file query25.txt (compact mmCIF, C-alpha atoms)
# COMPACT_ATOMS: atom_id res chain seq x y z
CA MET A 913 -10.00 -0.88 -182.04
CA GLU A 914 -9.63 -1.69 -178.36
CA ILE A 915 -10.20 1.07 -175.84
CA ASN A 916 -8.00 1.81 -172.85
CA ARG A 917 -9.44 1.98 -169.35
CA MET A 918 -10.33 5.42 -168.14
CA SER A 919 -8.17 7.21 -165.62
CA ASN A 920 -8.86 6.05 -162.08
CA ASN A 921 -10.02 9.47 -160.91
CA MET A 922 -13.00 9.40 -163.26
CA GLY A 923 -15.03 6.56 -161.72
CA ASP A 924 -16.65 3.87 -163.86
CA PRO A 925 -19.32 5.27 -166.19
CA TYR A 926 -19.09 2.15 -168.35
CA ALA A 927 -21.23 0.34 -165.78
CA PHE A 928 -24.20 2.15 -167.36
CA LEU A 929 -23.48 1.13 -170.96
CA GLU A 930 -26.19 -1.07 -172.44
CA GLU A 931 -24.91 -4.19 -174.19
CA PRO A 932 -26.35 -5.62 -177.44
CA ASP A 933 -27.13 -9.34 -177.82
CA LEU A 934 -24.42 -10.74 -180.09
CA SER A 935 -23.40 -14.21 -181.19
CA VAL A 936 -22.09 -15.94 -184.29
CA GLY A 937 -24.97 -16.35 -186.72
CA THR A 938 -26.83 -13.23 -185.60
CA PHE A 939 -28.23 -11.06 -188.40
CA LEU A 940 -27.49 -7.43 -187.61
CA SER A 941 -29.51 -6.38 -190.64
CA GLU A 942 -31.31 -8.10 -193.48
CA SER A 943 -28.03 -8.65 -195.30
CA LEU A 944 -25.28 -8.70 -192.63
CA GLN A 945 -24.72 -11.91 -190.64
CA VAL A 946 -22.14 -12.18 -187.84
CA MET A 947 -19.42 -14.71 -188.69
CA ASP A 948 -16.97 -13.88 -185.89
CA LEU A 949 -16.63 -11.61 -182.85
CA LEU A 950 -13.38 -9.72 -183.43
CA GLY A 951 -13.10 -7.70 -180.24
CA GLU A 952 -14.74 -5.51 -177.64
CA GLY A 953 -13.77 -2.08 -176.39
CA ALA A 954 -15.29 0.12 -173.71
CA SER A 955 -17.71 1.75 -176.15
CA GLY A 956 -18.47 -0.99 -178.63
CA HIS A 957 -18.03 -4.40 -180.24
CA VAL A 958 -16.38 -5.20 -183.57
CA THR A 959 -17.69 -8.15 -185.58
CA LYS A 960 -16.83 -9.84 -188.86
CA CYS A 961 -19.95 -10.07 -191.00
CA PHE A 962 -20.91 -11.67 -194.31
CA SER A 963 -22.97 -9.52 -196.62
CA THR A 964 -25.56 -11.54 -198.50
CA LYS A 965 -26.03 -8.49 -200.71
CA THR A 966 -22.43 -8.25 -201.98
CA GLY A 967 -21.01 -11.67 -201.10
CA GLU A 968 -18.14 -9.96 -199.24
CA MET A 969 -16.96 -9.85 -195.64
CA GLU A 970 -17.26 -6.57 -193.75
CA ALA A 971 -16.29 -5.28 -190.33
CA VAL A 972 -19.23 -3.95 -188.32
CA LYS A 973 -18.81 -1.88 -185.16
CA ILE A 974 -21.79 -1.98 -182.78
CA ILE A 975 -21.81 1.02 -180.42
CA LYS A 976 -22.91 0.47 -176.84
CA LYS A 977 -25.60 2.82 -175.55
CA PHE A 978 -24.66 5.37 -172.92
CA PRO A 979 -27.94 6.74 -171.49
CA GLY A 980 -28.19 10.50 -171.85
CA LEU A 981 -25.21 10.94 -174.20
CA PRO A 982 -25.17 10.85 -178.03
CA VAL A 983 -22.13 8.55 -178.13
CA GLU A 984 -23.09 7.10 -181.51
CA LYS A 985 -23.36 10.35 -183.46
CA ASN A 986 -19.89 11.88 -183.69
CA GLU A 987 -18.15 9.11 -185.61
CA VAL A 988 -20.89 9.03 -188.25
CA VAL A 989 -20.71 12.81 -188.72
CA ILE A 990 -16.92 12.65 -189.12
CA LEU A 991 -17.05 9.71 -191.52
CA GLU A 992 -19.67 11.41 -193.66
CA GLN A 993 -17.14 14.16 -194.30
CA LEU A 994 -14.40 11.67 -195.17
CA GLN A 995 -16.58 9.40 -197.31
CA SER A 996 -15.41 11.00 -200.57
CA LEU A 997 -11.80 9.95 -199.96
CA ASP A 998 -10.26 6.95 -201.70
CA PRO A 999 -8.97 4.63 -198.94
CA ASP A 1000 -6.10 3.46 -201.14
CA THR A 1001 -4.70 6.97 -201.53
CA SER A 1002 -5.84 8.63 -198.29
CA ASN A 1003 -5.00 5.61 -196.08
CA ILE A 1004 -8.23 6.20 -194.15
CA ILE A 1005 -10.63 3.30 -193.59
CA LYS A 1006 -13.56 3.00 -195.97
CA TRP A 1007 -16.89 3.47 -194.24
CA LYS A 1008 -19.81 1.79 -196.00
CA GLU A 1009 -22.99 2.56 -194.07
CA SER A 1010 -24.61 3.01 -190.68
CA PHE A 1011 -27.77 1.34 -189.36
CA THR A 1012 -29.33 0.26 -186.08
CA TYR A 1013 -29.50 -3.13 -184.37
CA GLN A 1014 -31.53 -3.49 -181.16
CA ASP A 1015 -31.53 0.31 -181.01
CA HIS A 1016 -27.70 0.36 -181.15
CA MET A 1017 -25.88 2.34 -183.83
CA CYS A 1018 -23.86 0.09 -186.14
CA MET A 1019 -21.20 1.13 -188.63
CA SER A 1020 -20.02 -1.05 -191.50
CA TYR A 1021 -16.46 -0.79 -192.81
CA GLU A 1022 -14.13 -2.56 -195.17
CA LEU A 1023 -12.66 -5.62 -193.43
CA LEU A 1024 -8.99 -5.17 -192.57
CA ASP A 1025 -6.44 -7.69 -191.35
CA GLN A 1026 -4.59 -6.78 -188.15
CA ASP A 1027 -3.63 -3.73 -186.12
CA LEU A 1028 -0.02 -2.64 -185.76
CA GLN A 1029 0.11 -3.44 -182.05
CA ASN A 1030 -0.70 -7.12 -182.59
CA TYR A 1031 1.45 -7.26 -185.74
CA VAL A 1032 4.52 -6.15 -183.78
CA LYS A 1033 3.59 -8.27 -180.76
CA ALA A 1034 3.32 -11.43 -182.89
CA ARG A 1035 6.80 -10.82 -184.32
CA GLY A 1036 8.36 -10.03 -180.97
CA GLU A 1037 10.39 -7.15 -182.40
CA GLY A 1038 9.96 -3.78 -184.05
CA LEU A 1039 9.26 -3.09 -187.70
CA LEU A 1040 11.97 -3.37 -190.32
CA ILE A 1041 13.21 0.00 -191.60
CA PRO A 1042 11.42 -0.33 -195.00
CA GLU A 1043 8.19 -1.20 -193.18
CA LEU A 1044 8.65 1.69 -190.76
CA LYS A 1045 9.21 4.18 -193.59
CA SER A 1046 6.16 2.90 -195.44
CA VAL A 1047 3.94 3.19 -192.35
CA ILE A 1048 5.16 6.73 -191.64
CA ARG A 1049 4.46 7.84 -195.21
CA GLN A 1050 0.97 6.41 -195.14
CA VAL A 1051 0.01 7.75 -191.71
CA ALA A 1052 1.42 11.20 -192.51
CA THR A 1053 -0.61 11.21 -195.73
CA ALA A 1054 -3.76 10.28 -193.78
CA LEU A 1055 -3.08 13.08 -191.29
CA GLN A 1056 -2.63 15.57 -194.11
CA HIS A 1057 -6.05 14.59 -195.46
CA LEU A 1058 -7.58 15.10 -192.02
CA ARG A 1059 -5.84 18.45 -191.77
CA SER A 1060 -7.52 19.54 -195.01
CA PHE A 1061 -10.88 18.89 -193.31
CA LYS A 1062 -9.68 20.63 -190.11
CA ILE A 1063 -10.28 17.33 -188.33
CA VAL A 1064 -8.19 16.07 -185.40
CA HIS A 1065 -8.21 12.27 -184.99
CA ALA A 1066 -7.30 12.48 -181.26
CA ASP A 1067 -6.74 8.73 -180.87
CA ILE A 1068 -3.58 7.83 -182.80
CA ARG A 1069 -2.05 4.65 -181.37
CA PRO A 1070 -0.91 1.27 -182.75
CA GLU A 1071 -4.36 -0.30 -182.27
CA ASN A 1072 -5.91 2.30 -184.56
CA ILE A 1073 -3.53 1.77 -187.46
CA MET A 1074 -4.75 -1.33 -189.28
CA ILE A 1075 -2.88 -3.42 -191.85
CA VAL A 1076 -4.91 -4.16 -194.97
CA ASP A 1077 -3.25 -7.57 -195.58
CA ARG A 1078 -0.13 -8.57 -193.65
CA ARG A 1079 0.81 -11.10 -196.35
CA GLN A 1080 1.38 -8.32 -198.88
CA GLN A 1081 4.58 -6.28 -199.00
CA PRO A 1082 5.07 -3.44 -198.62
CA ILE A 1083 2.38 -3.38 -195.98
CA ARG A 1084 -0.55 -1.06 -196.57
CA VAL A 1085 -2.24 0.54 -193.58
CA ARG A 1086 -5.43 2.45 -192.79
CA LEU A 1087 -6.17 4.93 -190.03
CA VAL A 1088 -9.30 3.76 -188.18
CA ASP A 1089 -11.64 4.61 -185.28
CA PHE A 1090 -12.84 8.20 -185.47
CA GLY A 1091 -14.99 8.09 -182.36
CA LEU A 1092 -12.84 10.65 -180.53
CA SER A 1093 -12.28 12.92 -183.52
CA PHE A 1094 -13.25 16.57 -183.48
CA GLN A 1095 -13.09 19.54 -185.77
CA ILE A 1096 -10.70 22.35 -184.83
CA GLY A 1097 -12.74 24.96 -182.99
CA ASP A 1098 -15.02 22.40 -181.34
CA ARG A 1099 -14.44 21.31 -177.74
CA PRO A 1100 -12.77 17.91 -177.54
CA PHE A 1101 -13.78 15.57 -174.74
CA PHE A 1102 -11.36 12.70 -174.23
CA GLN A 1103 -8.06 11.21 -175.33
CA ALA A 1104 -6.51 7.79 -174.81
CA THR A 1105 -3.98 7.51 -172.01
CA GLY A 1106 -0.33 6.87 -172.88
CA TYR A 1107 -0.42 8.92 -176.10
CA ARG A 1108 -1.45 12.34 -174.78
CA ALA A 1109 0.51 15.41 -175.75
CA PRO A 1110 1.76 17.77 -173.01
CA GLU A 1111 -0.83 20.42 -173.89
CA VAL A 1112 -3.60 17.87 -173.30
CA LEU A 1113 -2.26 16.97 -169.85
CA LEU A 1114 -1.67 20.61 -168.91
CA GLY A 1115 -5.07 21.83 -170.13
CA ILE A 1116 -3.80 24.19 -172.83
CA HIS A 1117 -6.48 25.29 -175.29
CA PRO A 1118 -7.31 25.43 -178.09
CA LEU A 1119 -6.04 22.00 -179.12
CA THR A 1120 -4.94 21.46 -182.72
CA GLU A 1121 -3.85 18.67 -185.04
CA ALA A 1122 -0.45 18.91 -183.33
CA ILE A 1123 -1.76 16.44 -180.74
CA ASP A 1124 -1.99 13.86 -183.56
CA ILE A 1125 1.65 14.45 -184.49
CA TRP A 1126 2.72 13.85 -180.88
CA SER A 1127 0.61 10.67 -180.62
CA THR A 1128 1.99 9.44 -183.93
CA GLY A 1129 5.53 9.96 -182.61
CA ALA A 1130 4.73 7.91 -179.49
CA THR A 1131 3.17 5.25 -181.71
CA LEU A 1132 6.25 5.11 -183.95
CA VAL A 1133 8.53 4.57 -180.96
CA GLU A 1134 6.35 1.63 -179.98
CA VAL A 1135 6.24 -0.07 -183.38
CA ALA A 1136 9.96 0.56 -184.02
CA THR A 1137 11.20 -0.79 -180.68
CA ALA A 1138 8.35 -3.11 -179.56
CA SER A 1139 8.32 -1.05 -176.33
CA THR A 1140 5.89 1.62 -175.17
CA ILE A 1141 7.40 5.02 -174.42
CA PHE A 1142 4.85 5.96 -171.74
CA GLU A 1143 3.45 3.15 -169.57
CA ASN A 1144 0.77 4.60 -167.35
CA GLU A 1145 -2.72 6.02 -167.16
CA GLU A 1146 -2.51 8.74 -164.49
CA GLU A 1147 -1.79 12.27 -165.66
CA TYR A 1148 0.92 12.91 -163.05
CA ASP A 1149 2.78 9.72 -163.97
CA GLU A 1150 2.54 10.46 -167.67
CA LEU A 1151 3.91 13.97 -167.18
CA SER A 1152 6.71 12.50 -165.06
CA GLN A 1153 7.71 10.22 -167.93
CA ILE A 1154 7.52 13.06 -170.46
CA ILE A 1155 9.88 15.09 -168.28
CA GLN A 1156 12.23 12.09 -168.05
CA SER A 1157 12.35 11.65 -171.82
CA HIS A 1158 12.02 15.24 -173.06
CA GLY A 1159 12.87 17.52 -170.15
CA GLN A 1160 10.48 19.91 -168.39
CA PRO A 1161 8.25 22.15 -170.51
CA SER A 1162 9.27 25.80 -170.50
CA ASP A 1163 7.71 28.25 -168.07
CA GLU A 1164 6.02 29.89 -171.05
CA ILE A 1165 4.25 26.62 -171.90
CA LEU A 1166 3.36 25.92 -168.28
CA ASP A 1167 1.95 29.44 -167.84
CA ARG A 1168 -0.69 28.63 -170.51
CA GLY A 1169 -2.00 25.46 -168.84
CA LYS A 1170 -5.17 25.72 -166.75
CA ASP A 1171 -4.13 22.46 -165.01
CA THR A 1172 -0.44 23.26 -164.55
CA ALA A 1173 -0.85 23.98 -160.83
CA SER A 1174 -2.18 20.47 -160.31
CA TYR A 1175 1.25 19.03 -161.13
CA PHE A 1176 3.70 21.90 -160.66
CA CYS A 1177 4.31 24.48 -157.95
CA GLU A 1178 5.79 27.95 -158.40
CA GLN A 1179 9.18 28.69 -156.86
CA VAL A 1180 11.37 31.75 -156.43
CA ASP A 1181 14.76 30.10 -156.87
CA GLY A 1182 15.75 27.49 -159.41
CA GLU A 1183 16.28 26.98 -163.12
CA HIS A 1184 12.52 27.09 -163.75
CA ARG A 1185 9.82 29.20 -162.13
CA TRP A 1186 7.61 26.10 -162.11
CA ARG A 1187 8.80 22.98 -160.24
CA PHE A 1188 7.32 19.53 -160.83
CA LYS A 1189 5.75 18.29 -157.60
CA THR A 1190 7.36 15.36 -155.87
CA PRO A 1191 5.40 12.08 -155.68
CA SER A 1192 4.82 12.66 -151.95
CA GLU A 1193 3.55 16.22 -152.54
CA TYR A 1194 1.17 15.02 -155.25
CA GLU A 1195 -0.07 12.12 -153.13
CA GLU A 1196 -0.64 14.39 -150.12
CA GLU A 1197 -2.69 16.81 -152.21
CA THR A 1198 -4.72 14.29 -154.22
CA GLY A 1199 -4.66 11.01 -152.32
CA LEU A 1200 -3.42 9.33 -155.51
CA GLN A 1201 -0.22 7.31 -155.25
CA ALA A 1202 2.33 8.18 -157.92
CA GLN A 1203 3.90 5.26 -159.78
CA THR A 1204 7.55 4.92 -160.74
CA PHE A 1205 8.21 4.23 -164.42
CA THR A 1206 11.32 4.54 -166.54
CA SER A 1207 10.67 6.27 -169.84
CA ILE A 1208 12.46 5.70 -173.14
CA ARG A 1209 14.61 8.68 -174.08
CA LEU A 1210 14.41 9.53 -177.77
CA ASP A 1211 18.22 9.56 -177.98
CA ASP A 1212 18.18 5.90 -176.87
CA VAL A 1213 15.72 4.74 -179.56
CA PRO A 1214 18.47 3.87 -182.11
CA MET A 1215 20.13 1.54 -179.58
CA ILE A 1216 16.84 -0.20 -178.78
CA MET A 1217 15.85 -0.79 -182.42
CA ALA A 1218 16.58 -4.34 -183.60
CA HIS A 1219 16.94 -3.42 -187.28
CA GLY A 1220 18.52 -0.76 -189.47
CA ASP A 1221 21.89 0.85 -190.10
CA PRO A 1222 23.12 3.63 -187.78
CA GLU A 1223 22.37 6.43 -190.24
CA ASP A 1224 18.73 5.37 -190.68
CA LYS A 1225 18.27 4.93 -186.94
CA ASN A 1226 19.70 8.37 -186.17
CA LEU A 1227 17.54 10.01 -188.82
CA PHE A 1228 14.50 8.26 -187.35
CA ALA A 1229 15.38 9.58 -183.88
CA ASP A 1230 15.66 13.08 -185.35
CA LEU A 1231 12.22 12.72 -186.91
CA LEU A 1232 10.78 11.64 -183.56
CA LYS A 1233 12.27 14.68 -181.82
CA ARG A 1234 10.67 16.98 -184.37
CA MET A 1235 7.30 15.24 -183.97
CA MET A 1236 7.43 15.23 -180.17
CA GLN A 1237 8.44 18.82 -179.43
CA LEU A 1238 7.05 19.92 -176.07
CA ASP A 1239 5.73 23.12 -177.66
CA GLN A 1240 2.88 22.26 -180.03
CA ASP A 1241 3.75 25.26 -182.21
CA GLU A 1242 7.20 23.82 -182.90
CA ARG A 1243 6.07 20.33 -183.98
CA ILE A 1244 6.39 19.50 -187.65
CA THR A 1245 3.34 19.13 -189.87
CA PRO A 1246 2.36 16.00 -191.84
CA LEU A 1247 3.86 17.46 -195.03
CA GLU A 1248 7.07 18.23 -193.18
CA VAL A 1249 7.14 14.62 -191.99
CA LEU A 1250 6.96 13.54 -195.64
CA GLN A 1251 9.90 15.83 -196.42
CA HIS A 1252 12.14 14.48 -193.66
CA PRO A 1253 15.44 12.88 -194.78
CA PHE A 1254 14.52 9.61 -193.03
CA LEU A 1255 12.00 8.98 -195.81
CA ASN A 1256 14.67 9.52 -198.49
CA GLU A 1257 12.57 11.88 -200.56
CA SER A 1258 13.56 15.32 -201.75
CA SER A 1259 10.05 16.75 -201.73
CA PRO A 1260 6.57 15.83 -200.54
CA GLN A 1261 5.19 16.19 -204.06
CA GLY A 1262 7.51 13.50 -205.40
CA LEU A 1263 6.63 11.25 -202.50
CA LEU A 1264 2.91 11.70 -203.01
CA GLU A 1265 3.19 10.95 -206.72
CA ASN A 1266 5.12 7.76 -205.97
CA ASN A 1267 2.34 6.64 -203.63
CA ALA A 1268 -0.51 7.66 -205.96
CA VAL A 1269 -1.76 10.21 -203.43
CA SER A 1270 -3.59 13.41 -204.25
CA LEU A 1271 -4.05 15.76 -201.32
CA PRO A 1272 -6.90 18.31 -201.28
CA GLY A 1273 -6.40 22.00 -200.64
CA PRO A 1274 -6.44 23.27 -197.04
CA ASP A 1275 -10.07 24.44 -197.10
CA GLU A 1276 -11.56 22.22 -199.79
CA HIS A 1277 -13.68 20.01 -197.53
CA CYS A 1278 -14.19 22.05 -194.38
CA ARG A 1279 -17.55 22.32 -192.66
CA ASP A 1280 -18.74 22.34 -189.08
CA ILE A 1281 -19.29 19.19 -187.01
CA LYS A 1282 -22.14 19.14 -184.53
CA GLU A 1283 -22.46 17.14 -181.32
CA PRO A 1284 -18.96 15.63 -180.88
CA MET A 1285 -19.08 12.10 -179.52
CA PRO A 1286 -17.83 11.66 -175.94
CA LYS A 1287 -16.14 8.26 -176.04
CA LEU A 1288 -14.86 7.84 -172.53
CA PHE A 1289 -11.12 7.86 -172.14
CA VAL A 1290 -9.89 10.83 -170.09
CA TRP A 1291 -11.39 14.30 -169.93
CA ILE A 1292 -9.49 16.94 -171.91

call {"tool": "encode", "arguments": {"input": "query25.txt", "output": "structure tokens"}}
result
Amino acid sequence: MEINRMSNNMGDPYAFLEEPDLSVGTFLSESLQVMDLLGEGASGHVTKCFSTKTGEMEAVKIIKKFPGLPVEKNEVVILEQLQSLDPDTSNIIKWKESFTYQDHMCMSYELLDQDLQNYVKARGEGLLIPELKSVIRQVATALQHLRSFKIVHADIRPENIMIVDRRQQPIRVRLVDFGLSFQIGDRPFFQATGYRAPEVLLGIHPLTEAIDIWSTGATLVEVATASTIFENEEEYDELSQIIQSHGQPSDEILDRGKDTASYFCEQVDGEHRWRFKTPSEYEEETGLQAQTFTSIRLDDVPMIMAHGDPEDKNLFADLLKRMMQLDQDERITPLEVLQHPFLNESSPQGLLENNAVSLPGPDEHCRDIKEPMPKLFVWI
């Protein structure tokens, strides 16, 4: 659950975050004792704790305090809505409870094994095709559950897809870290760099669950090839890579973006009415130096993958293209992902039965979310 650095043009608000006192042996509550410090992100720490009440290990996330902002509230509100879901069928992490330690909000979860980023990194190559198909099915099922709550995760990336137990096959995964999540209709605040959809970068509103489909596509490229598709944090550079890999968004899409003019200029002649600014033009206007990165083209993904037969690889590339359409209205839905030929299933219903999944109706769990939590990545 690591957190990327914020875009350079936003300053460093993390300097004001208050840190809790943590060490192995610390009791966070009467029954939860820290056994290991698992990691630290910009907004919190994750610890492995022993529960004297249940005799089991749990993961506890301790949120840092950001003076003046309710950073601890949004994730709890989201998780309260999702608490009724079975983690084994929804593939969403099981939240146990929340409490305070040294005036810091703490959240207790089931203890999971390893995130997909480190799993792939340790192997030095992308997932095997059976593993890839299993992960896609499980993540798409999780996204369909979120869709039934009208919740957007807004932070899909390999670090936020956790493996339950890497020793078991096929691998089971959980979607984790709902600190950036928001309900459709509410104003989102931030999104992690490197996985942002074009509409996020261009300032097109309202945002929908389609941003999760895009981020999932970028994540799948990474875990399939062991290479990131977009390697930067600045908005201009990320748009440059998207144009390299997908082509320029249509004028119709660009017309809808409140931030389009920051990265494009209008022209009279040319194939498009909008022209992407050159690095020198952007630097002259903003003072920010553009970086040069080479992006992975989706057509090249089959050649980069270390495993799989040509037919599977080509079907996977087709799935990626459908997930990463530049126009959010043309991206496939989670159920359509489950129907894709790459997953070798004739219908989503058959797939869900095979995975013991029961999806709720579209409006079964919906209710409003108040005070969305501004975890600090990049302003949307």

call {"tool": "closest_atom_pairs", "arguments": {"input": "query25.txt", "of": "segment 949-1053 of chain A", "to": "segment 1246-1251 of chain A", "cutoff": "9 Å", "atoms": "all atoms listed in the file", "output": "JSON lines"}}
result
{"residue": "A:Ile1048", "atom": "CA", "partner": "A:Leu1250", "partner_atom": "CA", "distance": 8.1}
{"residue": "A:Arg1049", "atom": "CA", "partner": "A:Leu1250", "partner_atom": "CA", "distance": 6.2}
{"residue": "A:Val1051", "atom": "CA", "partner": "A:Pro1246", "partner_atom": "CA", "distance": 8.6}
{"residue": "A:Ala1052", "atom": "CA", "partner": "A:Pro1246", "partner_atom": "CA", "distance": 4.9}
{"residue": "A:Thr1053", "atom": "CA", "partner": "A:Pro1246", "partner_atom": "CA", "distance": 6.8}

call {"tool": "write_last_selection", "arguments": {"input": "query25.txt", "atoms": "C-alpha atoms", "output": "PDB file, in the coordinates of the input"}}
result
ATOM      1  CA  ILE A1048       5.160   6.730-191.640  1.00  0.00           C
ATOM      2  CA  ARG A1049       4.460   7.840-195.210  1.00  0.00           C
ATOM      3  CA  VAL A1051       0.010   7.750-191.710  1.00  0.00           C
ATOM      4  CA  ALA A1052       1.420  11.200-192.510  1.00  0.00           C
ATOM      5  CA  THR A1053      -0.610  11.210-195.730  1.00  0.00           C
TER       6      THR A1053
END

call {"tool": "closest_atom_pairs", "arguments": {"input": "query25.txt", "of": "segment 934-1026 of chain A", "to": "segment 1067-1080 of chain A", "cutoff": "8 Å", "atoms": "all atoms listed in the file", "output": "CSV"}}
result
residue,atom,partner,partner_atom,distance
A:Leu1024,CA,A:Val1076,CA,4.8
A:Asp1025,CA,A:Val1076,CA,5.3
A:Gln1026,CA,A:Ile1075,CA,5.3

call {"tool": "residues_around", "arguments": {"input": "query25.txt", "residues": "segment 1108-1113 of chain A", "least_positions_apart": "3", "cutoff": "7 Å", "atoms": "all atoms listed in the file", "output": "list in words"}}
result
Gln1103, Ala1104, Thr1105, Ile1116, Ile1123, Trp1126, Ser1127, Glu1147, Leu1238 and Ile1292 of chain A

call {"tool": "residues_around", "arguments": {"input": "query25.txt", "residues": "Asp1015 of chain A", "least_positions_apart": "5", "cutoff": "10 Å", "atoms": "only C-alpha atoms", "output": "number ranges by chain"}}
result
A: 932, 975-977

call {"tool": "closest_residue", "arguments": {"input": "query25.txt", "among": "A:Ser1046, A:Gln1179, A:Ser1139, A:Gln1014", "to": "Val1085 of chain A", "atoms": "all atoms listed in the file"}}
result
A:Ser1046

call {"tool": "residues_around", "arguments": {"input": "query25.txt", "residues": "Glu1164 of chain A", "least_positions_apart": "4", "cutoff": "10 Å", "atoms": "only C-alpha atoms", "output": "JSON, numbers by chain"}}
result
{"A": [1168, 1169, 1185, 1186, 1239]}

call {"tool": "closest_residue", "arguments": {"input": "query25.txt", "among": "A:Thr938, A:Gln1095, A:Gln1201, A:Ser1152", "to": "Lys1062 of chain A", "atoms": "all atoms listed in the file"}}
result
A:Gln1095

call {"tool": "atom_distance", "arguments": {"input": "query25.txt", "atom1": "atom CA of Leu1023 of chain A", "atom2": "atom CA of Lys973 of chain A"}}
result
11.0 Å

call {"tool": "atom_distance", "arguments": {"input": "query25.txt", "atom1": "atom CA of Ser963 of chain A", "atom2": "atom CA of Phe1011 of chain A"}}
result
13.9 Å

call {"tool": "atom_distance", "arguments": {"input": "query25.txt", "atom1": "atom CA of Thr1206 of chain A", "atom2": "atom CA of Thr1172 of chain A"}}
result
22.2 Å

call {"tool": "closest_residue", "arguments": {"input": "query25.txt", "among": "A:Met1217, A:Gly1115, A:His1016, A:Val1133", "to": "Ala1173 of chain A", "atoms": "only C-alpha atoms"}}
result
A:Gly1115

call {"tool": "residues_around", "arguments": {"input": "query25.txt", "residues": "Glu987 of chain A", "least_positions_apart": "4", "cutoff": "8 Å", "atoms": "only C-alpha atoms", "output": "number ranges by chain"}}
result
A: 991, 1089-1093, 1285

call {"tool": "closest_residue", "arguments": {"input": "query25.txt", "among": "A:Leu1232, A:Ala1138, A:Ala1066, A:Cys1177", "to": "His1158 of chain A", "atoms": "only C-alpha atoms"}}
result
A:Leu1232

call {"tool": "closest_residue", "arguments": {"input": "query25.txt", "among": "A:Leu1055, A:Tyr1175, A:Glu1145, A:Ile1155", "to": "Glu1195 of chain A", "atoms": "only C-alpha atoms"}}
result
A:Tyr1175

call {"tool": "residues_around", "arguments": {"input": "query25.txt", "residues": "Ile1005 of chain A", "least_positions_apart": "4", "cutoff": "6 Å", "atoms": "all atoms listed in the file", "output": "PyMOL selection string"}}
result
chain A and resi 999+1086-1088

call {"tool": "closest_residue", "arguments": {"input": "query25.txt", "among": "A:Cys1018, A:Gly967, A:Asp1167, A:Leu1151", "to": "Thr1190 of chain A", "atoms": "all atoms listed in the file"}}
result
A:Leu1151
